[in-house]
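**Student:** As input, take my_file.tsv (TSV, C-alpha atoms and all ligand atoms):
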chain	number	residue	atom	x	y	z
F	1	MET	CA	190.39	214.56	105.70
F	2	PRO	CA	189.93	218.05	107.19
F	3	PRO	CA	186.49	219.63	107.72
F	4	CYS	CA	184.66	220.74	104.56
F	5	SER	CA	185.97	224.21	103.67
F	6	ALA	CA	182.40	225.36	102.87
F	7	GLN	CA	181.93	225.13	106.67
F	8	CYS	CA	178.88	222.89	106.48
F	9	GLY	CA	180.08	220.92	109.51
F	10	LYS	CA	180.83	217.69	107.60
F	11	ASN	CA	184.22	216.20	106.81
F	12	ALA	CA	185.73	216.81	103.37
F	13	ILE	CA	186.13	213.78	101.12
F	14	LEU	CA	187.81	215.39	98.11
F	15	LYS	CA	190.10	218.18	96.99
F	16	ARG	CA	188.78	220.19	94.04
F	17	PRO	CA	191.32	220.06	91.19
F	18	LYS	CA	190.25	223.52	89.96
F	19	THR	CA	190.44	225.49	93.21
F	20	GLY	CA	192.21	223.22	95.72
F	21	ASP	CA	189.21	223.52	98.09
F	22	THR	CA	188.61	220.50	100.31
F	23	LEU	CA	184.88	219.70	100.24
F	24	CYS	CA	182.30	217.15	101.25
F	25	LYS	CA	180.33	215.44	98.47
F	26	GLU	CA	177.23	217.66	98.74
F	27	CYS	CA	179.20	220.93	98.80
F	28	PHE	CA	181.21	219.75	95.76
F	29	PHE	CA	177.97	219.01	93.88
F	30	GLU	CA	176.66	222.44	94.75
F	31	ALA	CA	179.87	224.27	93.75
F	32	PHE	CA	180.13	222.30	90.49
F	33	GLU	CA	176.49	222.84	89.49
F	34	ASN	CA	176.47	226.51	90.58
F	35	GLU	CA	179.49	227.27	88.41
F	36	ILE	CA	177.73	225.84	85.35
F	37	HIS	CA	174.56	227.78	86.24
F	38	PHE	CA	176.69	230.92	86.55
F	39	THR	CA	178.31	230.25	83.14
F	40	ILE	CA	174.87	229.78	81.56
F	41	THR	CA	173.29	232.87	83.10
F	42	ARG	CA	176.28	235.20	82.70
F	43	ALA	CA	176.55	234.43	78.97
F	44	LYS	CA	172.72	234.38	78.61
F	45	LEU	CA	173.20	231.07	76.79
F	46	PHE	CA	169.52	230.12	76.42
F	47	LYS	CA	166.30	232.08	75.92
F	48	PRO	CA	163.52	230.80	78.21
F	49	GLY	CA	161.08	228.53	76.36
F	50	SER	CA	163.62	227.34	73.78
F	51	LYS	CA	164.34	223.82	72.63
F	52	VAL	CA	167.88	222.54	73.17
F	53	ALA	CA	169.53	219.48	71.65
F	54	ILE	CA	172.30	218.04	73.81
F	55	ALA	CA	174.94	216.43	71.58
F	56	ALA	CA	175.29	213.10	73.38
F	57	SER	CA	178.16	210.75	72.62
F	58	GLY	CA	177.76	208.62	75.74
F	59	GLY	CA	181.13	209.90	77.04
F	60	LYS	CA	181.64	211.53	80.44
F	61	ASP	CA	181.31	215.14	79.28
F	62	SER	CA	178.03	214.88	77.40
F	63	THR	CA	176.59	212.55	80.05
F	64	VAL	CA	177.39	215.04	82.81
F	65	LEU	CA	176.11	217.86	80.58
F	66	ALA	CA	172.75	216.11	80.07
F	67	TYR	CA	172.43	215.36	83.78
F	68	VAL	CA	173.35	218.88	84.94
F	69	MET	CA	171.22	220.58	82.27
F	70	LYS	CA	168.19	218.61	83.40
F	71	LEU	CA	168.94	219.36	87.05
F	72	LEU	CA	169.48	223.11	86.52
F	73	ASN	CA	166.49	223.38	84.17
F	74	GLU	CA	164.29	222.05	86.98
F	75	LYS	CA	166.05	223.84	89.85
F	76	TYR	CA	166.18	227.29	88.23
F	77	ASP	CA	163.17	226.92	85.92
F	78	TYR	CA	165.03	227.74	82.69
F	79	LYS	CA	161.89	226.56	80.84
F	80	LEU	CA	163.95	224.60	78.32
F	81	ASP	CA	162.76	221.65	76.28
F	82	LEU	CA	165.76	219.26	76.35
F	83	VAL	CA	166.39	216.48	73.81
F	84	LEU	CA	169.38	214.23	73.14
F	85	LEU	CA	171.01	214.07	69.69
F	86	SER	CA	173.54	211.36	68.87
F	87	ILE	CA	175.54	210.69	65.75
F	88	ASP	CA	176.28	207.09	64.85
F	89	GLU	CA	179.51	207.23	62.87
F	90	GLY	CA	179.38	203.47	62.26
F	91	ILE	CA	182.46	202.45	64.24
F	92	THR	CA	182.09	198.88	65.43
F	93	GLY	CA	183.25	198.24	68.99
F	94	TYR	CA	183.07	201.94	69.86
F	95	ARG	CA	180.02	203.91	68.83
F	96	ASP	CA	177.63	200.96	68.95
F	97	ASP	CA	178.56	200.43	72.61
F	98	SER	CA	178.51	204.12	73.53
F	99	LEU	CA	175.06	204.52	71.94
F	100	ASP	CA	173.79	201.89	74.36
F	101	THR	CA	174.96	204.25	77.12
F	102	VAL	CA	173.09	207.17	75.53
F	103	LYS	CA	169.93	205.03	75.36
F	104	GLN	CA	170.37	204.35	79.06
F	105	ASN	CA	170.69	208.13	79.66
F	106	ARG	CA	167.52	208.68	77.59
F	107	ASP	CA	165.63	206.32	79.90
F	108	ASP	CA	167.25	207.56	83.14
F	109	TYR	CA	166.78	211.28	82.37
F	110	GLY	CA	163.45	210.94	80.53
F	111	MET	CA	164.69	212.88	77.48
F	112	PRO	CA	163.77	212.02	73.87
F	113	LEU	CA	166.72	210.77	71.78
F	114	LYS	CA	167.35	211.20	68.04
F	115	ILE	CA	170.13	209.15	66.42
F	116	MET	CA	171.49	210.20	63.00
F	117	SER	CA	173.87	207.84	61.21
F	118	TYR	CA	176.65	208.52	58.69
F	119	LYS	CA	175.30	205.56	56.71
F	120	ASP	CA	171.90	207.21	56.24
F	121	LEU	CA	173.30	210.71	55.71
F	122	TYR	CA	176.33	209.99	53.54
F	123	GLY	CA	175.94	206.35	52.45
F	124	TRP	CA	179.15	205.29	54.24
F	125	THR	CA	180.03	204.17	57.77
F	126	MET	CA	183.42	205.15	59.24
F	127	ASP	CA	184.33	201.42	59.20
F	128	GLU	CA	183.76	201.45	55.42
F	129	ILE	CA	185.60	204.76	54.94
F	130	VAL	CA	188.63	203.50	56.88
F	131	ALA	CA	188.58	200.23	54.90
F	132	GLU	CA	188.72	202.38	51.73
F	133	ILE	CA	191.16	205.19	52.65
F	134	GLY	CA	193.12	203.71	55.57
F	135	ARG	CA	193.71	205.43	58.90
F	136	LYS	CA	195.52	208.49	57.62
F	137	ASN	CA	193.38	211.59	58.15
F	138	ASN	CA	190.33	209.53	59.11
F	139	CYS	CA	189.85	211.65	62.29
F	140	THR	CA	189.68	214.78	60.15
F	141	PHE	CA	187.02	213.29	57.86
F	142	CYS	CA	185.08	211.98	60.81
F	143	GLY	CA	185.17	215.39	62.55
F	144	VAL	CA	183.90	217.20	59.45
F	145	PHE	CA	181.11	214.66	58.91
F	146	ARG	CA	180.09	214.76	62.60
F	147	ARG	CA	179.85	218.54	62.57
F	148	GLN	CA	177.56	218.48	59.58
F	149	ALA	CA	175.56	215.54	60.94
F	150	LEU	CA	174.97	217.42	64.22
F	151	ASP	CA	173.84	220.49	62.28
F	152	ARG	CA	171.46	218.44	60.16
F	153	GLY	CA	170.11	216.63	63.24
F	154	ALA	CA	169.58	219.93	65.06
F	155	ALA	CA	167.71	221.34	62.04
F	156	LEU	CA	165.57	218.20	61.80
F	157	LEU	CA	164.68	218.41	65.49
F	158	ASN	CA	163.85	222.08	64.99
F	159	VAL	CA	165.88	223.12	68.02
F	160	ASP	CA	167.01	226.64	68.93
F	161	TYR	CA	170.43	225.57	70.29
F	162	LEU	CA	172.86	222.69	70.08
F	163	ALA	CA	174.78	222.16	73.35
F	164	THR	CA	178.03	220.19	73.30
F	165	GLY	CA	180.06	218.76	76.18
F	166	HIS	CA	183.32	220.57	75.35
F	167	ASN	CA	185.05	221.23	78.67
F	168	ALA	CA	187.74	223.68	79.84
F	169	ASP	CA	190.57	221.26	79.01
F	170	ASP	CA	189.20	220.81	75.45
F	171	ILE	CA	189.08	224.58	74.94
F	172	ALA	CA	192.57	225.19	76.39
F	173	GLU	CA	193.95	222.37	74.21
F	174	THR	CA	192.35	223.94	71.14
F	175	VAL	CA	193.84	227.36	71.96
F	176	LEU	CA	197.31	225.78	72.27
F	177	MET	CA	196.83	223.79	69.08
F	178	ASN	CA	195.77	226.84	67.08
F	179	ILE	CA	198.73	228.84	68.41
F	180	LEU	CA	201.14	226.02	67.53
F	181	ARG	CA	199.65	225.80	64.04
F	182	GLY	CA	199.41	229.55	63.58
F	183	ASP	CA	195.74	229.11	62.68
F	184	LEU	CA	194.52	232.64	63.42
F	185	ALA	CA	191.01	232.14	62.10
F	186	ARG	CA	190.33	229.22	64.44
F	187	LEU	CA	192.25	230.88	67.30
F	188	SER	CA	189.97	233.89	67.10
F	189	ARG	CA	186.78	231.85	67.42
F	190	CYS	CA	187.75	228.75	69.44
F	191	THR	CA	187.10	230.33	72.85
F	192	SER	CA	183.59	231.58	72.00
F	193	ILE	CA	180.96	230.06	74.24
F	194	ILE	CA	178.38	230.51	71.47
F	195	THR	CA	179.26	229.83	67.85
F	196	ASP	CA	177.08	230.11	64.80
F	197	SER	CA	177.21	226.91	62.76
F	198	GLY	CA	176.22	228.77	59.62
F	199	ASP	CA	172.63	227.65	59.24
F	200	GLY	CA	171.38	229.70	62.15
F	201	ILE	CA	171.37	227.13	64.99
F	202	PRO	CA	173.92	228.35	67.55
F	203	ARG	CA	176.23	225.87	69.26
F	204	VAL	CA	176.80	226.46	72.95
F	205	LYS	CA	179.32	225.08	75.44
F	206	PRO	CA	177.92	225.21	79.01
F	207	LEU	CA	180.97	223.25	80.35
F	208	LYS	CA	183.45	225.73	78.87
F	209	TYR	CA	184.94	226.55	82.29
F	210	THR	CA	184.50	223.10	83.84
F	211	TYR	CA	187.69	221.09	84.41
F	212	GLU	CA	187.80	217.58	82.98
F	213	LYS	CA	189.08	216.13	86.28
F	214	GLU	CA	186.05	217.59	88.08
F	215	ILE	CA	183.68	216.17	85.45
F	216	VAL	CA	185.14	212.72	86.12
F	217	MET	CA	184.80	213.27	89.90
F	218	TYR	CA	181.23	214.51	89.54
F	219	ALA	CA	180.22	211.54	87.36
F	220	TYR	CA	181.87	209.18	89.87
F	221	PHE	CA	180.20	210.61	92.98
F	222	ARG	CA	176.82	210.97	91.22
F	223	LYS	CA	177.22	207.38	89.96
F	224	LEU	CA	176.41	208.42	86.38
F	225	VAL	CA	176.59	205.80	83.64
F	226	TYR	CA	179.02	206.74	80.86
F	227	PHE	CA	181.21	205.10	78.24
F	228	SER	CA	184.95	205.61	78.68
F	229	THR	CA	186.63	203.70	75.84
F	230	GLU	CA	188.76	205.59	73.29
F	231	CYS	CA	187.82	205.45	69.62
F	232	VAL	CA	189.21	202.27	68.00
F	233	PHE	CA	190.72	204.31	65.14
F	234	ALA	CA	193.90	206.38	65.51
F	235	PRO	CA	193.48	209.35	67.84
F	236	ASN	CA	194.04	212.86	66.50
F	237	ALA	CA	197.84	213.01	66.80
F	238	TYR	CA	198.27	216.78	66.85
F	239	ARG	CA	195.62	217.30	69.53
F	240	GLY	CA	197.33	214.49	71.47
F	241	HIS	CA	200.54	216.56	71.72
F	242	ALA	CA	198.62	219.65	72.91
F	243	ARG	CA	196.85	217.42	75.42
F	244	VAL	CA	200.09	216.00	76.86
F	245	LEU	CA	201.56	219.51	77.10
F	246	LEU	CA	198.47	220.80	78.90
F	247	LYS	CA	198.39	217.86	81.34
F	248	ASP	CA	202.09	218.44	82.17
F	249	LEU	CA	201.44	222.14	82.76
F	250	GLU	CA	198.36	221.36	84.87
F	251	LYS	CA	200.54	219.26	87.21
F	252	ILE	CA	202.69	222.33	87.87
F	253	ASP	CA	199.72	224.69	88.30
F	254	PRO	CA	196.03	223.76	87.68
F	255	ALA	CA	195.28	227.44	87.00
F	256	VAL	CA	197.00	227.15	83.59
F	257	ILE	CA	193.79	225.76	82.07
F	258	MET	CA	191.75	228.85	83.01
F	259	ASN	CA	194.71	231.12	82.20
F	260	ILE	CA	195.01	229.73	78.65
F	261	ILE	CA	191.25	230.11	78.07
F	262	GLN	CA	191.28	233.68	79.39
F	263	SER	CA	194.35	234.53	77.28
F	264	GLY	CA	192.57	233.11	74.23
F	265	GLU	CA	189.46	235.16	75.02
F	266	SER	CA	191.50	238.36	75.33
F	267	LEU	CA	193.55	237.93	72.14
F	268	LYS	CA	192.93	240.49	69.44
F	269	ILE	CA	193.88	239.37	65.95
F	270	ASN	CA	195.81	241.95	63.95
F	271	GLU	CA	193.48	243.47	61.34
F	272	ASN	CA	196.12	242.99	58.66
F	273	ALA	CA	196.41	239.24	59.34
F	274	ASN	CA	195.49	236.96	56.47
F	275	MET	CA	192.12	235.39	57.35
F	276	PRO	CA	190.07	233.00	55.19
F	277	THR	CA	186.64	234.22	54.09
F	278	LEU	CA	183.65	231.95	54.65
F	279	GLN	CA	181.36	231.02	51.76
F	280	LYS	CA	178.83	228.35	50.84
F	281	CYS	CA	180.08	225.01	49.48
F	282	THR	CA	179.19	224.90	45.79
F	283	ARG	CA	178.02	221.28	46.15
F	284	CYS	CA	176.07	221.05	49.42
F	285	GLY	CA	175.64	224.68	50.45
F	286	TYR	CA	177.32	224.15	53.86
F	287	VAL	CA	179.45	227.04	55.18
F	288	SER	CA	183.08	226.50	54.22
F	289	SER	CA	186.39	228.32	53.83
F	290	GLN	CA	186.83	226.78	50.38
F	291	ASP	CA	184.71	226.35	47.19
F	292	VAL	CA	184.00	222.70	47.95
F	293	CYS	CA	183.74	221.85	51.68
F	294	LYS	CA	185.97	219.20	53.25
F	295	ALA	CA	183.12	216.65	53.52
F	296	CYS	CA	182.24	216.88	49.80
F	297	GLU	CA	185.92	216.91	48.88
C	301	LIG	N1	178.84	210.80	68.12
C	301	LIG	C1	178.45	211.92	68.73
C	301	LIG	N2	177.14	212.20	68.83
C	301	LIG	C2	176.71	213.35	69.43
C	301	LIG	N3	177.54	214.25	69.96
C	301	LIG	C3	178.86	214.01	69.90
C	301	LIG	C4	179.39	212.84	69.28
C	301	LIG	N4	180.74	212.87	69.40
C	301	LIG	C5	181.04	214.02	70.04
C	301	LIG	N5	179.91	214.71	70.36
C	301	LIG	C6	179.80	216.00	71.06
C	301	LIG	O1	181.01	216.70	70.96
C	301	LIG	C7	181.59	216.88	72.27
C	301	LIG	C8	183.10	216.77	72.22
C	301	LIG	O2	183.49	215.62	71.52
C	301	LIG	P1	184.60	214.59	72.05
C	301	LIG	O3	185.15	213.87	70.88
C	301	LIG	O4	185.53	215.27	72.99
C	301	LIG	O5	183.61	213.61	72.85
C	301	LIG	P2	183.87	212.21	73.57
C	301	LIG	O6	185.20	212.18	74.20
C	301	LIG	O7	183.47	211.11	72.63
C	301	LIG	O8	182.72	212.21	74.68
C	301	LIG	P3	182.47	213.25	75.81
C	301	LIG	O9	183.11	214.53	75.37
C	301	LIG	O10	181.00	213.31	75.93
C	301	LIG	O11	183.13	212.72	77.04
C	301	LIG	C9	180.92	215.81	73.13
C	301	LIG	O12	180.92	216.18	74.48
C	301	LIG	C10	179.54	215.77	72.55
C	301	LIG	O13	178.73	216.83	73.04
Any chance you could give the structure as structure tokens?
**Tutor:**
Amino acid sequence: MPPCSAQCGKNAILKRPKTGDTLCKECFFEAFENEIHFTITRAKLFKPGSKVAIAASGGKDSTVLAYVMKLLNEKYDYKLDLVLLSIDEGITGYRDDSLDTVKQNRDDYGMPLKIMSYKDLYGWTMDEIVAEIGRKNNCTFCGVFRRQALDRGAALLNVDYLATGHNADDIAETVLMNILRGDLARLSRCTSIITDSGDGIPRVKPLKYTYEKEIVMYAYFRKLVYFSTECVFAPNAYRGHARVLLKDLEKIDPAVIMNIIQSGESLKINENANMPTLQKCTRCGYVSSQDVCKACE
């Protein structure tokens, strides 16, 4: 390997997927962490002194998010009170194992952990729901329930923000998906780094510009413990197509991920376009684009 391109005098051991820079381990850590710090400060994501729940699934993204948030909070004195929030969907062989990883993170990072379960919140586990309705659309139900469960958990913990581990690839995939579906309402809000969940607790995405490949590299070189198994139920088929398309494009030019995000950020939706209006679900009061929200439906 050539010398580290940050000119620290050491030899490089990796090539950054995002920039092509050849770096040593320490300079990669610094570049990776500094970019997230820059994202947080430029968007003024957190007010000093606030309480932040990190949505922790035990996967690579939220594990790296928890680790880096703790590190930056100490290094730059953000004055944040960090807690972990996990949702137990009740999926045997998947979430039970990944929650063990989150508990390990709780101990390793010294952060309190709150686990909310679908069973307690809704009276059903995903295992039971799938046994009842089959695998068709189960990802959609699960996604709607998880969103609400995270909101309820955040409200219970009395936090000021909910931070999720969505990375640059996730955002670019979502932009593509919304274009392919012609979903203008989602297209117009999917690139926002801060979104209002409706009950006043903003959701933030500190890894919005962080490439998935670099998250995997960072977790590997930092020796972070995370859970890497796919959900045992059918993956979201439509997102899968957008994902394959993005991965193919990334092979040709890694810059496509940032380019798609920046294009999404710059899009202006025609004022005459037909957009759904948001209202409160008549049954549970949760913000919805229809009378009865998808979860109640
Ligand atoms: N069961 C859960 N409990 C808490 N947060 C979750 C859960 N599932 C997903 N999230 C949050 O939503 C983000 C995106 O969800 P996604 O389905 O891509 O996660 P994942 O692939 O299971 O894990 P990760 O994104 O952490 O690698 C996660 O990074 C995490 O912040």
**Student:** Once 6 Å is added on each side, what are the centre and the three edge lengths, in Å to one decimal, of the axis-aligned box enclosing the listed atoms of ligand LIG 301 (chain C)? Present them as lines of an AutoDock Vina configuration file.
**Tutor:**
center_x = 181.1
center_y = 213.8
center_z = 72.6
size_x = 20.8
size_y = 18.1
size_z = 20.9
**Student:** Return the single residue from F:Ser98, F:Asn270, F:Ser228, F:Gln104 that is closest to F:Val216, with distances computed using all atoms listed in the file.
**Tutor:**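 Smallest separation from F:Val216 among the options: F:Ser228.
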**Student:** Just want the residues within 7 Å of ligand LIG 301 (chain C), written as a PyMOL selection string, counting all atoms listed in the file.
**Tutor:** chain F and resi 54-63+85-89+146+150+163-166
**Student:** Enter the distance from atom CA of F:Arg189 to atom CA of F:Gln262, in Å, rounded to one decimal.
**Tutor:** 12.9 Å
**Student:** Quick one: residues within 12 Å of (176.7, 218.3, 107.1) (file frame), counting all atoms listed in the file, please, as a PDB file with C-alpha atoms, keeping the file's coordinate frame.
**Tutor:**
ATOM      1  CA  PRO F   3     186.490 219.630 107.720  1.00  0.00           C
ATOM      2  CA  CYS F   4     184.660 220.740 104.560  1.00  0.00           C
ATOM      3  CA  SER F   5     185.970 224.210 103.670  1.00  0.00           C
ATOM      4  CA  ALA F   6     182.400 225.360 102.870  1.00  0.00           C
ATOM      5  CA  GLN F   7     181.930 225.130 106.670  1.00  0.00           C
ATOM      6  CA  CYS F   8     178.880 222.890 106.480  1.00  0.00           C
ATOM      7  CA  GLY F   9     180.080 220.920 109.510  1.00  0.00           C
ATOM      8  CA  LYS F  10     180.830 217.690 107.600  1.00  0.00           C
ATOM      9  CA  ASN F  11     184.220 216.200 106.810  1.00  0.00           C
ATOM     10  CA  ALA F  12     185.730 216.810 103.370  1.00  0.00           C
ATOM     11  CA  LEU F  23     184.880 219.700 100.240  1.00  0.00           C
ATOM     12  CA  CYS F  24     182.300 217.150 101.250  1.00  0.00           C
ATOM     13  CA  LYS F  25     180.330 215.440  98.470  1.00  0.00           C
ATOM     14  CA  GLU F  26     177.230 217.660  98.740  1.00  0.00           C
ATOM     15  CA  CYS F  27     179.200 220.930  98.800  1.00  0.00           C
TER      16      CYS F  27
END
**Student:** List the spatial neighbours of F:Arg243 as a PyMOL selection string - criterion: any atom at most 12 Å away, all atoms listed in the file, same-chain residues fewer than 5 positions off excluded.
**Tutor:** chain F and resi 168-177+212+235-238+248-250+257
**Student:** Let me make sure I understand: among F:Ala154, F:Ala219, F:Leu184, F:Ile201, which one has the smallest atom-to-atom distance to F:Val68 if we use all atoms listed in the file?
**Tutor:**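 Closest to F:Val68 of all the choices is F:Ala219.
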**Student:** Would you work out the distance separating atom CA of F:Val244 from atom CA of F:Gly182, expressed in Å to one decimal?
**Tutor:**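 Rounded to one decimal, the two atoms are 19.0 Å apart.
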